[in-house]
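**Q** For reference, the file structure39.cif (mmCIF, C-alpha atoms (C1' of nucleotides)) is included below:
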data_input
loop_
_atom_site.group_PDB
_atom_site.id
_atom_site.type_symbol
_atom_site.label_atom_id
_atom_site.label_comp_id
_atom_site.auth_asym_id
_atom_site.auth_seq_id
_atom_site.Cartn_x
_atom_site.Cartn_y
_atom_site.Cartn_z
ATOM 1 C CA MET Z 159 92.927 -78.800 179.836
ATOM 2 C CA ASP Z 160 95.744 -78.055 182.209
ATOM 3 C CA GLU Z 161 95.156 -79.565 185.589
ATOM 4 C CA ARG Z 162 98.034 -77.773 187.228
ATOM 5 C CA ASN Z 163 97.521 -74.721 189.352
ATOM 6 C CA GLU Z 164 98.193 -71.573 187.376
ATOM 7 C CA LEU Z 165 100.908 -70.579 189.834
ATOM 8 C CA MET Z 166 102.913 -73.706 189.174
ATOM 9 C CA CYS Z 167 105.822 -73.430 186.827
ATOM 10 C CA ASP Z 168 105.334 -74.782 183.329
ATOM 11 C CA GLU Z 169 107.775 -77.580 183.561
ATOM 12 C CA SER Z 170 107.335 -78.473 187.160
ATOM 13 C CA CYS Z 171 110.712 -79.497 188.516
ATOM 14 C CA SER Z 172 109.117 -81.829 190.995
ATOM 15 C CA HIS Z 173 106.239 -83.798 189.549
ATOM 16 C CA ASN Z 174 102.813 -83.233 190.909
ATOM 17 C CA GLU Z 175 102.868 -86.532 192.750
ATOM 18 C CA VAL Z 176 105.877 -85.415 194.727
ATOM 19 C CA VAL Z 177 104.187 -82.146 195.599
ATOM 20 C CA GLU Z 178 101.129 -84.070 196.699
ATOM 21 C CA LYS Z 179 103.179 -86.394 198.863
ATOM 22 C CA VAL Z 180 104.943 -83.520 200.593
ATOM 23 C CA ARG Z 181 101.661 -81.753 201.137
ATOM 24 C CA ALA Z 182 100.200 -84.874 202.692
ATOM 25 C CA ASP Z 183 103.127 -85.246 205.068
ATOM 26 C CA MET Z 184 102.839 -81.674 206.377
ATOM 27 C CA PRO Z 185 101.481 -81.246 209.896
ATOM 28 C CA ASP Z 186 98.087 -79.578 209.993
ATOM 29 C CA ASP Z 187 97.885 -75.807 210.033
ATOM 30 C CA ASP Z 188 97.118 -75.563 213.746
ATOM 31 C CA THR Z 189 100.259 -77.469 214.623
ATOM 32 C CA LEU Z 190 102.317 -75.291 212.302
ATOM 33 C CA TYR Z 191 101.027 -72.128 213.911
ATOM 34 C CA GLU Z 192 101.659 -73.506 217.382
ATOM 35 C CA LEU Z 193 105.152 -74.404 216.354
ATOM 36 C CA ALA Z 194 105.869 -70.951 214.961
ATOM 37 C CA ASP Z 195 104.429 -69.396 218.108
ATOM 38 C CA LEU Z 196 106.673 -71.566 220.226
ATOM 39 C CA PHE Z 197 109.797 -70.477 218.376
ATOM 40 C CA LYS Z 198 108.660 -66.880 218.530
ATOM 41 C CA MET Z 199 109.339 -67.147 222.261
ATOM 42 C CA PHE Z 200 113.014 -67.769 221.544
ATOM 43 C CA GLY Z 201 113.136 -65.029 218.961
ATOM 44 C CA ASP Z 202 113.425 -62.073 221.294
ATOM 45 C CA SER Z 203 116.665 -61.320 223.068
ATOM 46 C CA THR Z 204 115.002 -60.342 226.328
ATOM 47 C CA ARG Z 205 113.145 -63.636 226.540
ATOM 48 C CA MET Z 206 116.253 -65.460 225.399
ATOM 49 C CA LYS Z 207 118.200 -63.881 228.256
ATOM 50 C CA ILE Z 208 115.520 -64.747 230.778
ATOM 51 C CA MET Z 209 115.572 -68.378 229.717
ATOM 52 C CA PHE Z 210 119.343 -68.474 229.799
ATOM 53 C CA VAL Z 211 119.306 -67.242 233.360
ATOM 54 C CA LEU Z 212 116.687 -69.769 234.392
ATOM 55 C CA MET Z 213 118.650 -72.562 232.754
ATOM 56 C CA GLU Z 214 121.250 -72.010 235.433
ATOM 57 C CA GLN Z 215 119.270 -70.904 238.403
ATOM 58 C CA GLU Z 216 115.668 -70.359 239.414
ATOM 59 C CA MET Z 217 115.237 -66.755 240.443
ATOM 60 C CA CYS Z 218 112.735 -64.131 241.529
ATOM 61 C CA VAL Z 219 111.446 -61.529 239.091
ATOM 62 C CA CYS Z 220 113.280 -58.702 240.713
ATOM 63 C CA ASP Z 221 116.636 -60.447 240.580
ATOM 64 C CA ILE Z 222 116.170 -61.350 236.933
ATOM 65 C CA ALA Z 223 115.506 -57.702 236.167
ATOM 66 C CA GLU Z 224 118.538 -56.572 238.092
ATOM 67 C CA LEU Z 225 120.823 -59.213 236.630
ATOM 68 C CA LEU Z 226 119.831 -58.354 233.080
ATOM 69 C CA GLY Z 227 119.599 -54.614 233.558
ATOM 70 C CA ILE Z 228 116.081 -54.535 232.155
ATOM 71 C CA SER Z 229 113.113 -52.784 233.760
ATOM 72 C CA GLN Z 230 110.933 -54.813 236.090
ATOM 73 C CA SER Z 231 107.918 -54.020 233.961
ATOM 74 C CA ALA Z 232 109.486 -55.279 230.769
ATOM 75 C CA ILE Z 233 110.565 -58.482 232.478
ATOM 76 C CA SER Z 234 107.132 -59.000 233.928
ATOM 77 C CA HIS Z 235 105.452 -58.574 230.548
ATOM 78 C CA GLN Z 236 107.799 -61.096 229.002
ATOM 79 C CA LEU Z 237 107.406 -63.552 231.861
ATOM 80 C CA ARG Z 238 103.682 -63.448 231.303
ATOM 81 C CA ILE Z 239 104.156 -64.431 227.673
ATOM 82 C CA LEU Z 240 106.616 -67.179 228.548
ATOM 83 C CA LYS Z 241 104.206 -68.606 231.092
ATOM 84 C CA GLN Z 242 101.403 -68.634 228.557
ATOM 85 C CA SER Z 243 103.636 -70.712 226.326
ATOM 86 C CA LYS Z 244 104.289 -73.062 229.241
ATOM 87 C CA LEU Z 245 108.018 -72.536 228.988
ATOM 88 C CA ILE Z 246 108.378 -71.249 232.512
ATOM 89 C CA SER Z 247 106.425 -71.626 235.736
ATOM 90 C CA SER Z 248 106.554 -69.858 239.044
ATOM 91 C CA ARG Z 249 105.740 -70.263 242.692
ATOM 92 C CA ARG Z 250 105.361 -67.763 245.464
ATOM 93 C CA GLU Z 251 107.930 -67.712 248.226
ATOM 94 C CA GLY Z 252 107.227 -65.054 250.800
ATOM 95 C CA LYS Z 253 107.053 -61.743 249.023
ATOM 96 C CA ASN Z 254 108.697 -63.031 245.913
ATOM 97 C CA ILE Z 255 107.693 -64.967 242.843
ATOM 98 C CA ILE Z 256 110.310 -67.536 241.966
ATOM 99 C CA CYS Z 257 110.513 -68.400 238.266
ATOM 100 C CA PHE Z 258 111.892 -71.581 236.785
ATOM 101 C CA LEU Z 259 111.957 -73.477 233.515
ATOM 102 C CA ALA Z 260 108.859 -75.589 233.022
ATOM 103 C CA ASP Z 261 110.101 -77.769 230.214
ATOM 104 C CA ASP Z 262 113.339 -79.552 229.459
ATOM 105 C CA HIS Z 263 112.845 -78.975 225.755
ATOM 106 C CA VAL Z 264 113.938 -75.424 226.400
ATOM 107 C CA ARG Z 265 117.453 -76.604 227.074
ATOM 108 C CA SER Z 266 117.659 -78.800 223.999
ATOM 109 C CA ILE Z 267 116.167 -76.173 221.728
ATOM 110 C CA ILE Z 268 118.585 -73.519 222.909
ATOM 111 C CA ASP Z 269 121.495 -75.936 222.685
ATOM 112 C CA GLN Z 270 120.673 -76.792 219.084
ATOM 113 C CA GLY Z 271 120.451 -73.102 218.307
ATOM 114 C CA LEU Z 272 123.792 -72.452 219.919
ATOM 115 C CA SER Z 273 125.427 -75.174 217.827
ATOM 116 C CA HIS Z 274 124.250 -73.432 214.695
ATOM 117 C CA VAL Z 275 125.328 -69.992 215.843
ATOM 118 C CA LEU Z 276 128.732 -71.051 217.111
ATOM 119 C CA GLU Z 277 129.625 -72.889 213.937
ATOM 120 C CA MET X 45 126.020 -48.396 252.766
ATOM 121 C CA ASP X 46 123.981 -50.743 250.657
ATOM 122 C CA GLU X 47 126.065 -52.204 247.867
ATOM 123 C CA ARG X 48 123.160 -53.805 246.087
ATOM 124 C CA ASN X 49 121.661 -52.306 242.969
ATOM 125 C CA GLU X 50 118.580 -50.248 243.812
ATOM 126 C CA LEU X 51 116.473 -52.451 241.555
ATOM 127 C CA MET X 52 117.322 -55.535 243.534
ATOM 128 C CA CYS X 53 114.785 -56.683 246.045
ATOM 129 C CA ASP X 54 115.506 -55.915 249.674
ATOM 130 C CA GLU X 55 116.000 -59.457 250.807
ATOM 131 C CA SER X 56 117.567 -60.868 247.691
ATOM 132 C CA CYS X 57 116.302 -64.384 247.246
ATOM 133 C CA SER X 58 119.457 -65.394 245.487
ATOM 134 C CA HIS X 59 122.603 -64.021 247.056
ATOM 135 C CA ASN X 60 124.713 -61.632 245.065
ATOM 136 C CA GLU X 61 127.353 -64.261 244.479
ATOM 137 C CA VAL X 62 124.829 -66.445 242.711
ATOM 138 C CA VAL X 63 123.716 -63.554 240.542
ATOM 139 C CA GLU X 64 127.314 -62.850 239.699
ATOM 140 C CA LYS X 65 127.978 -66.442 238.787
ATOM 141 C CA VAL X 66 124.983 -66.616 236.484
ATOM 142 C CA ARG X 67 125.965 -63.348 234.872
ATOM 143 C CA ALA X 68 129.473 -64.661 234.273
ATOM 144 C CA ASP X 69 128.158 -67.827 232.643
ATOM 145 C CA MET X 70 125.942 -65.961 230.170
ATOM 146 C CA PRO X 71 127.085 -65.894 226.544
ATOM 147 C CA ASP X 72 128.133 -62.460 225.357
ATOM 148 C CA ASP X 73 125.508 -60.109 224.009
ATOM 149 C CA ASP X 74 126.417 -60.660 220.369
ATOM 150 C CA THR X 75 125.869 -64.382 220.690
ATOM 151 C CA LEU X 76 122.548 -63.817 222.412
ATOM 152 C CA TYR X 77 121.328 -61.551 219.635
ATOM 153 C CA GLU X 78 122.462 -64.000 216.991
ATOM 154 C CA LEU X 79 120.643 -66.738 218.815
ATOM 155 C CA ALA X 80 117.434 -64.756 219.037
ATOM 156 C CA ASP X 81 117.727 -63.848 215.355
ATOM 157 C CA LEU X 82 118.159 -67.485 214.483
ATOM 158 C CA PHE X 83 115.016 -68.512 216.326
ATOM 159 C CA LYS X 84 113.149 -65.610 214.778
ATOM 160 C CA MET X 85 113.487 -67.528 211.513
ATOM 161 C CA PHE X 86 111.401 -70.340 212.969
ATOM 162 C CA GLY X 87 108.905 -67.950 214.445
ATOM 163 C CA ASP X 88 106.919 -67.209 211.325
ATOM 164 C CA SER X 89 104.488 -69.727 209.919
ATOM 165 C CA THR X 90 105.390 -69.043 206.307
ATOM 166 C CA ARG X 91 109.058 -69.695 206.942
ATOM 167 C CA MET X 92 108.162 -72.668 209.110
ATOM 168 C CA LYS X 93 106.165 -74.131 206.231
ATOM 169 C CA ILE X 94 108.971 -73.543 203.771
ATOM 170 C CA MET X 95 111.423 -75.360 206.005
ATOM 171 C CA PHE X 96 109.002 -78.211 206.550
ATOM 172 C CA VAL X 97 108.683 -78.666 202.821
ATOM 173 C CA LEU X 98 112.419 -78.596 202.309
ATOM 174 C CA MET X 99 112.903 -81.115 205.090
ATOM 175 C CA GLU X 100 111.197 -83.615 202.821
ATOM 176 C CA GLN X 101 112.177 -82.532 199.382
ATOM 177 C CA GLU X 102 114.316 -79.907 197.689
ATOM 178 C CA MET X 103 112.129 -77.824 195.455
ATOM 179 C CA CYS X 104 112.030 -74.811 193.142
ATOM 180 C CA VAL X 105 110.600 -71.501 194.317
ATOM 181 C CA CYS X 106 107.552 -71.724 192.128
ATOM 182 C CA ASP X 107 106.592 -75.166 193.396
ATOM 183 C CA ILE X 108 107.011 -74.115 197.011
ATOM 184 C CA ALA X 109 104.667 -71.219 196.374
ATOM 185 C CA GLU X 110 102.116 -73.430 194.676
ATOM 186 C CA LEU X 111 102.318 -76.147 197.310
ATOM 187 C CA LEU X 112 101.796 -73.707 200.134
ATOM 188 C CA GLY X 113 99.291 -71.484 198.376
ATOM 189 C CA ILE X 114 101.342 -68.389 199.088
ATOM 190 C CA SER X 115 102.289 -65.741 196.534
ATOM 191 C CA GLN X 116 105.580 -66.133 194.720
ATOM 192 C CA SER X 117 106.685 -62.743 195.934
ATOM 193 C CA ALA X 118 106.053 -63.522 199.567
ATOM 194 C CA ILE X 119 107.930 -66.794 199.262
ATOM 195 C CA SER X 120 110.824 -65.087 197.567
ATOM 196 C CA HIS X 121 111.108 -62.455 200.273
ATOM 197 C CA GLN X 122 111.140 -65.137 202.954
ATOM 198 C CA LEU X 123 113.652 -67.270 201.090
ATOM 199 C CA ARG X 124 115.968 -64.289 200.972
ATOM 200 C CA ILE X 125 115.797 -63.979 204.755
ATOM 201 C CA LEU X 126 116.309 -67.698 205.261
ATOM 202 C CA LYS X 127 119.355 -67.647 203.016
ATOM 203 C CA GLN X 128 120.835 -64.758 204.950
ATOM 204 C CA SER X 129 120.517 -66.850 208.081
ATOM 205 C CA LYS X 130 122.270 -69.719 206.291
ATOM 206 C CA LEU X 131 119.378 -72.038 206.904
ATOM 207 C CA ILE X 132 118.728 -72.749 203.254
ATOM 208 C CA SER X 133 120.799 -72.630 200.084
ATOM 209 C CA SER X 134 119.920 -72.806 196.419
ATOM 210 C CA ARG X 135 121.333 -73.683 193.037
ATOM 211 C CA ARG X 136 120.166 -72.844 189.553
ATOM 212 C CA GLU X 137 118.865 -75.654 187.387
ATOM 213 C CA GLY X 138 117.755 -74.449 183.988
ATOM 214 C CA LYS X 139 115.152 -71.790 184.498
ATOM 215 C CA ASN X 140 114.557 -72.713 188.092
ATOM 216 C CA ILE X 141 116.172 -72.060 191.423
ATOM 217 C CA ILE X 142 116.206 -75.188 193.527
ATOM 218 C CA CYS X 143 116.136 -74.587 197.282
ATOM 219 C CA PHE X 144 117.307 -76.964 199.958
ATOM 220 C CA LEU X 145 118.146 -77.022 203.642
ATOM 221 C CA ALA X 146 121.652 -75.829 204.339
ATOM 222 C CA ASP X 147 121.997 -77.085 207.864
ATOM 223 C CA ASP X 148 121.035 -80.234 209.690
ATOM 224 C CA HIS X 149 120.366 -78.283 212.852
ATOM 225 C CA VAL X 150 117.142 -77.196 211.221
ATOM 226 C CA ARG X 151 115.765 -80.683 211.557
ATOM 227 C CA SER X 152 116.767 -81.097 215.179
ATOM 228 C CA ILE X 153 115.480 -77.675 216.159
ATOM 229 C CA ILE X 154 112.121 -78.289 214.538
ATOM 230 C CA ASP X 155 111.921 -81.765 216.035
ATOM 231 C CA GLN X 156 112.535 -80.438 219.536
ATOM 232 C CA GLY X 157 109.853 -77.833 218.951
ATOM 233 C CA LEU X 158 107.409 -80.451 217.771
ATOM 234 C CA SER X 159 108.003 -82.523 220.876
ATOM 235 C CA HIS X 160 107.017 -79.583 223.020
ATOM 236 C CA VAL X 161 103.962 -78.732 220.954
ATOM 237 C CA LEU X 162 102.667 -82.277 220.672
ATOM 238 C CA GLU X 163 102.929 -82.946 224.389
ATOM 239 C "C1'" DT G 227 117.126 -61.053 169.092
ATOM 240 C "C1'" DA G 228 112.595 -61.046 170.856
ATOM 241 C "C1'" DA G 229 109.343 -63.173 173.781
ATOM 242 C "C1'" DA G 230 108.255 -65.988 177.674
ATOM 243 C "C1'" DC G 231 109.270 -67.556 181.973
ATOM 244 C "C1'" DA G 232 111.234 -68.007 186.897
ATOM 245 C "C1'" DC G 233 112.632 -65.365 190.308
ATOM 246 C "C1'" DA G 234 114.126 -60.984 192.851
ATOM 247 C "C1'" DT G 235 113.334 -56.589 194.751
ATOM 248 C "C1'" DG G 236 111.694 -51.888 196.190
ATOM 249 C "C1'" DA G 237 108.008 -49.094 198.033
ATOM 250 C "C1'" DA G 238 103.898 -48.822 200.592
ATOM 251 C "C1'" DC G 239 100.920 -50.350 203.946
ATOM 252 C "C1'" DA G 240 98.752 -52.954 207.765
ATOM 253 C "C1'" DA G 241 99.467 -55.683 211.629
ATOM 254 C "C1'" DA G 242 102.117 -57.497 215.342
ATOM 255 C "C1'" DT G 243 105.460 -56.677 218.899
ATOM 256 C "C1'" DG G 244 108.289 -54.735 222.840
ATOM 257 C "C1'" DT G 245 109.203 -50.966 225.825
ATOM 258 C "C1'" DT G 246 108.004 -47.248 229.004
ATOM 259 C "C1'" DC G 247 105.119 -44.894 232.226
ATOM 260 C "C1'" DA G 248 101.666 -44.805 235.437
ATOM 261 C "C1'" DT G 249 99.045 -47.301 238.320
ATOM 262 C "C1'" DA G 250 96.780 -51.498 240.302
ATOM 263 C "C1'" DT G 251 96.999 -55.761 243.076
ATOM 264 C "C1'" DG G 252 98.055 -58.578 246.693
ATOM 265 C "C1'" DA G 253 100.963 -60.648 250.316
ATOM 266 C "C1'" DA G 254 103.571 -59.519 254.429
ATOM 267 C "C1'" DA G 255 105.267 -56.717 258.212
ATOM 268 C "C1'" DG G 256 104.482 -53.408 261.518
ATOM 269 C "C1'" DC B 232 94.334 -52.037 259.251
ATOM 270 C "C1'" DT B 233 97.830 -49.465 257.224
ATOM 271 C "C1'" DT B 234 102.081 -49.361 254.909
ATOM 272 C "C1'" DT B 235 105.543 -51.361 252.261
ATOM 273 C "C1'" DC B 236 107.416 -54.169 249.010
ATOM 274 C "C1'" DA B 237 107.297 -57.432 244.855
ATOM 275 C "C1'" DT B 238 104.937 -58.097 240.958
ATOM 276 C "C1'" DA B 239 101.182 -57.404 237.385
ATOM 277 C "C1'" DT B 240 98.818 -54.844 234.031
ATOM 278 C "C1'" DG B 241 96.735 -51.281 230.845
ATOM 279 C "C1'" DA B 242 97.462 -47.604 227.572
ATOM 280 C "C1'" DA B 243 100.397 -45.245 224.487
ATOM 281 C "C1'" DC B 244 104.019 -45.220 221.492
ATOM 282 C "C1'" DA B 245 107.800 -46.412 218.348
ATOM 283 C "C1'" DT B 246 109.676 -50.392 215.743
ATOM 284 C "C1'" DT B 247 109.774 -54.298 213.459
ATOM 285 C "C1'" DT B 248 107.774 -57.424 210.420
ATOM 286 C "C1'" DG B 249 105.177 -59.682 206.535
ATOM 287 C "C1'" DT B 250 102.355 -59.092 202.632
ATOM 288 C "C1'" DT B 251 100.935 -57.069 198.235
ATOM 289 C "C1'" DC B 252 101.640 -54.654 194.005
ATOM 290 C "C1'" DA B 253 104.395 -53.176 190.411
ATOM 291 C "C1'" DT B 254 108.356 -53.772 188.141
ATOM 292 C "C1'" DG B 255 113.254 -55.262 187.379
ATOM 293 C "C1'" DT B 256 116.764 -58.928 186.213
ATOM 294 C "C1'" DG B 257 118.568 -62.756 184.109
ATOM 295 C "C1'" DT B 258 117.714 -67.418 181.412
ATOM 296 C "C1'" DT B 259 115.914 -69.957 178.214
ATOM 297 C "C1'" DT B 260 113.360 -70.906 174.028
ATOM 298 C "C1'" DA B 261 111.243 -69.630 169.682
#
Represent the structure of the file as structure tokens.
**A**
Amino acid sequence: MDERNELMCDESCSHNEVVEKVRADMPDDDTLYELADLFKMFGDSTRMKIMFVLMEQEMCVCDIAELLGISQSAISHQLRILKQSKLISSRREGKNIICFLADDHVRSIIDQGLSHVLE
Amino acid sequence: MDERNELMCDESCSHNEVVEKVRADMPDDDTLYELADLFKMFGDSTRMKIMFVLMEQEMCVCDIAELLGISQSAISHQLRILKQSKLISSRREGKNIICFLADDHVRSIIDQGLSHVLE
DNA sequence: TAAACACATGAACAAATGTTCATATGAAAG
DNA sequence: CTTTCATATGAACATTTGTTCATGTGTTTA
């Protein structure tokens, strides 16, 4: 009887024990999905631009839209998503909503990405 | 005459000079798109899983598929994309193609992401 | 050289995503 | 309290994206 999964190649390059070890060391599925969802936030150029702006300067919605040349509605939709991911927060100030980065990981993540891209 | 863009809020929270400074400090559009495309790679759970596996152990395509319980075809399509982004490389070894991480930034990017998620 | 195996790839399809447009909400000023 | 301004949101739409299925390519082994 062959105990290996039918998908596995005949002469497994890594032995089963190795596969088992790697499998055991993987984060659970929920964490993996959360992680992918987090990076999804950085995977759209509009959101990327918003975060870049907020890395330098907190700013109201309207100014972000103007600075980036993107419609207020589009910005607002994206801000909503970014807030849900707890990457940015906001406070009211008079008539305006001021947005700012909510997490310092944003900076380090973007910096690591830049290092790769600029190589 | 009002020199401000019509989109800009009446009483700009940030003065125009600030907006101009931030705009000047932004990377050019090409870089921003590249950056977003890079993070897009981390924004899918299948690719995330592949990279997690390869962080621990280089491995042939077939074993990755078996370990993750994902079809060989799906894995192959994703590997193609990851190679295009220069995140993983591969070499032939007999009948198999062995895949491995091509860039150490992968580890640091994922680690930063994990820190955020596990908070 | 023929068969078996590991992997790649194209087409088709469903699902997720981002923008626009129109409109709603809610604070502030008159 | 009415109007105005800044922002939010829902619906519709076009794109992008990821998977499956069928099949192609290139290596190895018999």
**Q** Output the residue selection produced by the PyMOL selection byres ((chain G and resi 250) around 10) on the file above, formatted as a PDB file with C-alpha atoms (C1' of nucleotides), in the coordinates of the input.
**A**
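Everything below was put into out_16.pdb:
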ATOM      1  C1'  DA G 248     101.666 -44.805 235.437  1.00  0.00           C
ATOM      2  C1'  DT G 249      99.045 -47.301 238.320  1.00  0.00           C
ATOM      3  C1'  DT G 251      96.999 -55.761 243.076  1.00  0.00           C
ATOM      4  C1'  DG G 252      98.055 -58.578 246.693  1.00  0.00           C
TER       5       DG G 252
ATOM      6  C1'  DA B 239     101.182 -57.404 237.385  1.00  0.00           C
ATOM      7  C1'  DT B 240      98.818 -54.844 234.031  1.00  0.00           C
ATOM      8  C1'  DG B 241      96.735 -51.281 230.845  1.00  0.00           C
TER       9       DG B 241
END
**Q** Hey, could you lay chain Z over chain X with a least-squares C-alpha fit (all atoms, paired in order) and save it as a CSV table (one decimal) with C-alpha atoms, in the frame of the given file?
**A**
chain,number,residue,atom,x,y,z
Z,159,MET,CA,126.2,-48.1,252.3
Z,160,ASP,CA,124.1,-50.5,250.3
Z,161,GLU,CA,126.2,-52.1,247.6
Z,162,ARG,CA,123.2,-53.7,245.9
Z,163,ASN,CA,121.7,-52.2,242.8
Z,164,GLU,CA,118.6,-50.2,243.7
Z,165,LEU,CA,116.5,-52.4,241.5
Z,166,MET,CA,117.3,-55.5,243.5
Z,167,CYS,CA,114.8,-56.7,246.0
Z,168,ASP,CA,115.6,-56.0,249.6
Z,169,GLU,CA,116.0,-59.5,250.7
Z,170,SER,CA,117.6,-60.9,247.6
Z,171,CYS,CA,116.3,-64.5,247.3
Z,172,SER,CA,119.4,-65.5,245.5
Z,173,HIS,CA,122.6,-64.1,247.1
Z,174,ASN,CA,124.6,-61.7,245.1
Z,175,GLU,CA,127.3,-64.3,244.5
Z,176,VAL,CA,124.8,-66.5,242.8
Z,177,VAL,CA,123.7,-63.6,240.6
Z,178,GLU,CA,127.3,-62.9,239.7
Z,179,LYS,CA,128.0,-66.5,238.8
Z,180,VAL,CA,125.0,-66.7,236.5
Z,181,ARG,CA,125.9,-63.4,234.9
Z,182,ALA,CA,129.4,-64.7,234.3
Z,183,ASP,CA,128.1,-67.9,232.7
Z,184,MET,CA,125.9,-66.0,230.2
Z,185,PRO,CA,127.1,-65.9,226.6
Z,186,ASP,CA,128.1,-62.5,225.4
Z,187,ASP,CA,125.5,-60.1,224.1
Z,188,ASP,CA,126.4,-60.7,220.4
Z,189,THR,CA,125.8,-64.4,220.7
Z,190,LEU,CA,122.5,-63.8,222.5
Z,191,TYR,CA,121.3,-61.6,219.7
Z,192,GLU,CA,122.4,-64.0,217.0
Z,193,LEU,CA,120.6,-66.8,218.8
Z,194,ALA,CA,117.4,-64.8,219.1
Z,195,ASP,CA,117.7,-63.9,215.4
Z,196,LEU,CA,118.2,-67.5,214.5
Z,197,PHE,CA,115.0,-68.5,216.3
Z,198,LYS,CA,113.1,-65.6,214.8
Z,199,MET,CA,113.5,-67.6,211.5
Z,200,PHE,CA,111.4,-70.4,213.0
Z,201,GLY,CA,108.9,-68.0,214.5
Z,202,ASP,CA,106.9,-67.2,211.3
Z,203,SER,CA,104.5,-69.8,209.9
Z,204,THR,CA,105.4,-69.1,206.3
Z,205,ARG,CA,109.1,-69.7,207.0
Z,206,MET,CA,108.2,-72.7,209.1
Z,207,LYS,CA,106.2,-74.1,206.2
Z,208,ILE,CA,109.0,-73.5,203.8
Z,209,MET,CA,111.4,-75.4,206.0
Z,210,PHE,CA,109.0,-78.2,206.5
Z,211,VAL,CA,108.7,-78.7,202.8
Z,212,LEU,CA,112.4,-78.6,202.3
Z,213,MET,CA,112.9,-81.1,205.1
Z,214,GLU,CA,111.2,-83.6,202.8
Z,215,GLN,CA,112.2,-82.5,199.4
Z,216,GLU,CA,114.3,-79.9,197.7
Z,217,MET,CA,112.1,-77.8,195.4
Z,218,CYS,CA,112.1,-74.8,193.2
Z,219,VAL,CA,110.6,-71.5,194.3
Z,220,CYS,CA,107.6,-71.7,192.2
Z,221,ASP,CA,106.6,-75.1,193.4
Z,222,ILE,CA,107.0,-74.1,197.0
Z,223,ALA,CA,104.7,-71.2,196.4
Z,224,GLU,CA,102.1,-73.4,194.7
Z,225,LEU,CA,102.3,-76.1,197.3
Z,226,LEU,CA,101.8,-73.7,200.1
Z,227,GLY,CA,99.3,-71.5,198.4
Z,228,ILE,CA,101.3,-68.4,199.1
Z,229,SER,CA,102.3,-65.7,196.6
Z,230,GLN,CA,105.6,-66.1,194.8
Z,231,SER,CA,106.6,-62.7,196.0
Z,232,ALA,CA,106.0,-63.5,199.6
Z,233,ILE,CA,107.9,-66.8,199.3
Z,234,SER,CA,110.8,-65.1,197.6
Z,235,HIS,CA,111.1,-62.4,200.3
Z,236,GLN,CA,111.1,-65.1,203.0
Z,237,LEU,CA,113.6,-67.3,201.1
Z,238,ARG,CA,115.9,-64.3,201.0
Z,239,ILE,CA,115.8,-64.0,204.8
Z,240,LEU,CA,116.3,-67.7,205.3
Z,241,LYS,CA,119.3,-67.6,203.0
Z,242,GLN,CA,120.8,-64.7,205.0
Z,243,SER,CA,120.5,-66.8,208.1
Z,244,LYS,CA,122.3,-69.7,206.3
Z,245,LEU,CA,119.4,-72.0,206.9
Z,246,ILE,CA,118.7,-72.7,203.3
Z,247,SER,CA,120.8,-72.6,200.1
Z,248,SER,CA,120.0,-72.8,196.5
Z,249,ARG,CA,121.4,-73.7,193.1
Z,250,ARG,CA,120.2,-72.8,189.6
Z,251,GLU,CA,118.9,-75.6,187.4
Z,252,GLY,CA,117.8,-74.4,184.0
Z,253,LYS,CA,115.3,-71.7,184.5
Z,254,ASN,CA,114.6,-72.6,188.1
Z,255,ILE,CA,116.2,-72.0,191.4
Z,256,ILE,CA,116.2,-75.1,193.5
Z,257,CYS,CA,116.1,-74.6,197.3
Z,258,PHE,CA,117.3,-76.9,200.0
Z,259,LEU,CA,118.1,-77.0,203.6
Z,260,ALA,CA,121.7,-75.8,204.3
Z,261,ASP,CA,122.0,-77.1,207.9
Z,262,ASP,CA,121.0,-80.2,209.7
Z,263,HIS,CA,120.4,-78.3,212.9
Z,264,VAL,CA,117.1,-77.2,211.2
Z,265,ARG,CA,115.8,-80.7,211.5
Z,266,SER,CA,116.8,-81.1,215.2
Z,267,ILE,CA,115.5,-77.7,216.1
Z,268,ILE,CA,112.1,-78.3,214.5
Z,269,ASP,CA,111.9,-81.8,216.0
Z,270,GLN,CA,112.5,-80.5,219.5
Z,271,GLY,CA,109.8,-77.9,218.9
Z,272,LEU,CA,107.4,-80.5,217.7
Z,273,SER,CA,108.0,-82.6,220.9
Z,274,HIS,CA,107.0,-79.6,223.0
Z,275,VAL,CA,104.0,-78.8,220.9
Z,276,LEU,CA,102.7,-82.3,220.6
Z,277,GLU,CA,102.9,-83.0,224.3
**Q** Excluding region 232-237 of chain G and its own-chain neighbours fewer than 2 positions away, which residues fall within 8 Å of it when counting all atoms listed in the file? Please give them as a list in words.
**A** Cys167 of chain Z; Val105, Cys106, Ser120, Lys139, Asn140 and Ile141 of chain X; DG255 and DT256 of chain B
**Q** To verify the selection step, state as a short mmCIF file (atom, residue, chain, number, x, y, z; two decimals) with C-alpha atoms, in the coordinates of the input which residues the PyMOL selection byres ((chain X and resi 64) around 12) yields on this input.
**A**
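Result file selection20.cif:
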data_model
loop_
_atom_site.label_atom_id
_atom_site.label_comp_id
_atom_site.auth_asym_id
_atom_site.auth_seq_id
_atom_site.Cartn_x
_atom_site.Cartn_y
_atom_site.Cartn_z
CA VAL Z 211 119.31 -67.24 233.36
CA GLU Z 214 121.25 -72.01 235.43
CA GLN Z 215 119.27 -70.90 238.40
CA ASP Z 221 116.64 -60.45 240.58
CA ILE Z 222 116.17 -61.35 236.93
CA GLU Z 224 118.54 -56.57 238.09
CA LEU Z 225 120.82 -59.21 236.63
CA LEU Z 226 119.83 -58.35 233.08
CA ARG X 48 123.16 -53.80 246.09
CA SER X 58 119.46 -65.39 245.49
CA HIS X 59 122.60 -64.02 247.06
CA ASN X 60 124.71 -61.63 245.06
CA GLU X 61 127.35 -64.26 244.48
CA VAL X 62 124.83 -66.44 242.71
CA VAL X 63 123.72 -63.55 240.54
CA LYS X 65 127.98 -66.44 238.79
CA VAL X 66 124.98 -66.62 236.48
CA ARG X 67 125.96 -63.35 234.87
CA ALA X 68 129.47 -64.66 234.27
CA ASP X 69 128.16 -67.83 232.64
CA MET X 70 125.94 -65.96 230.17
#
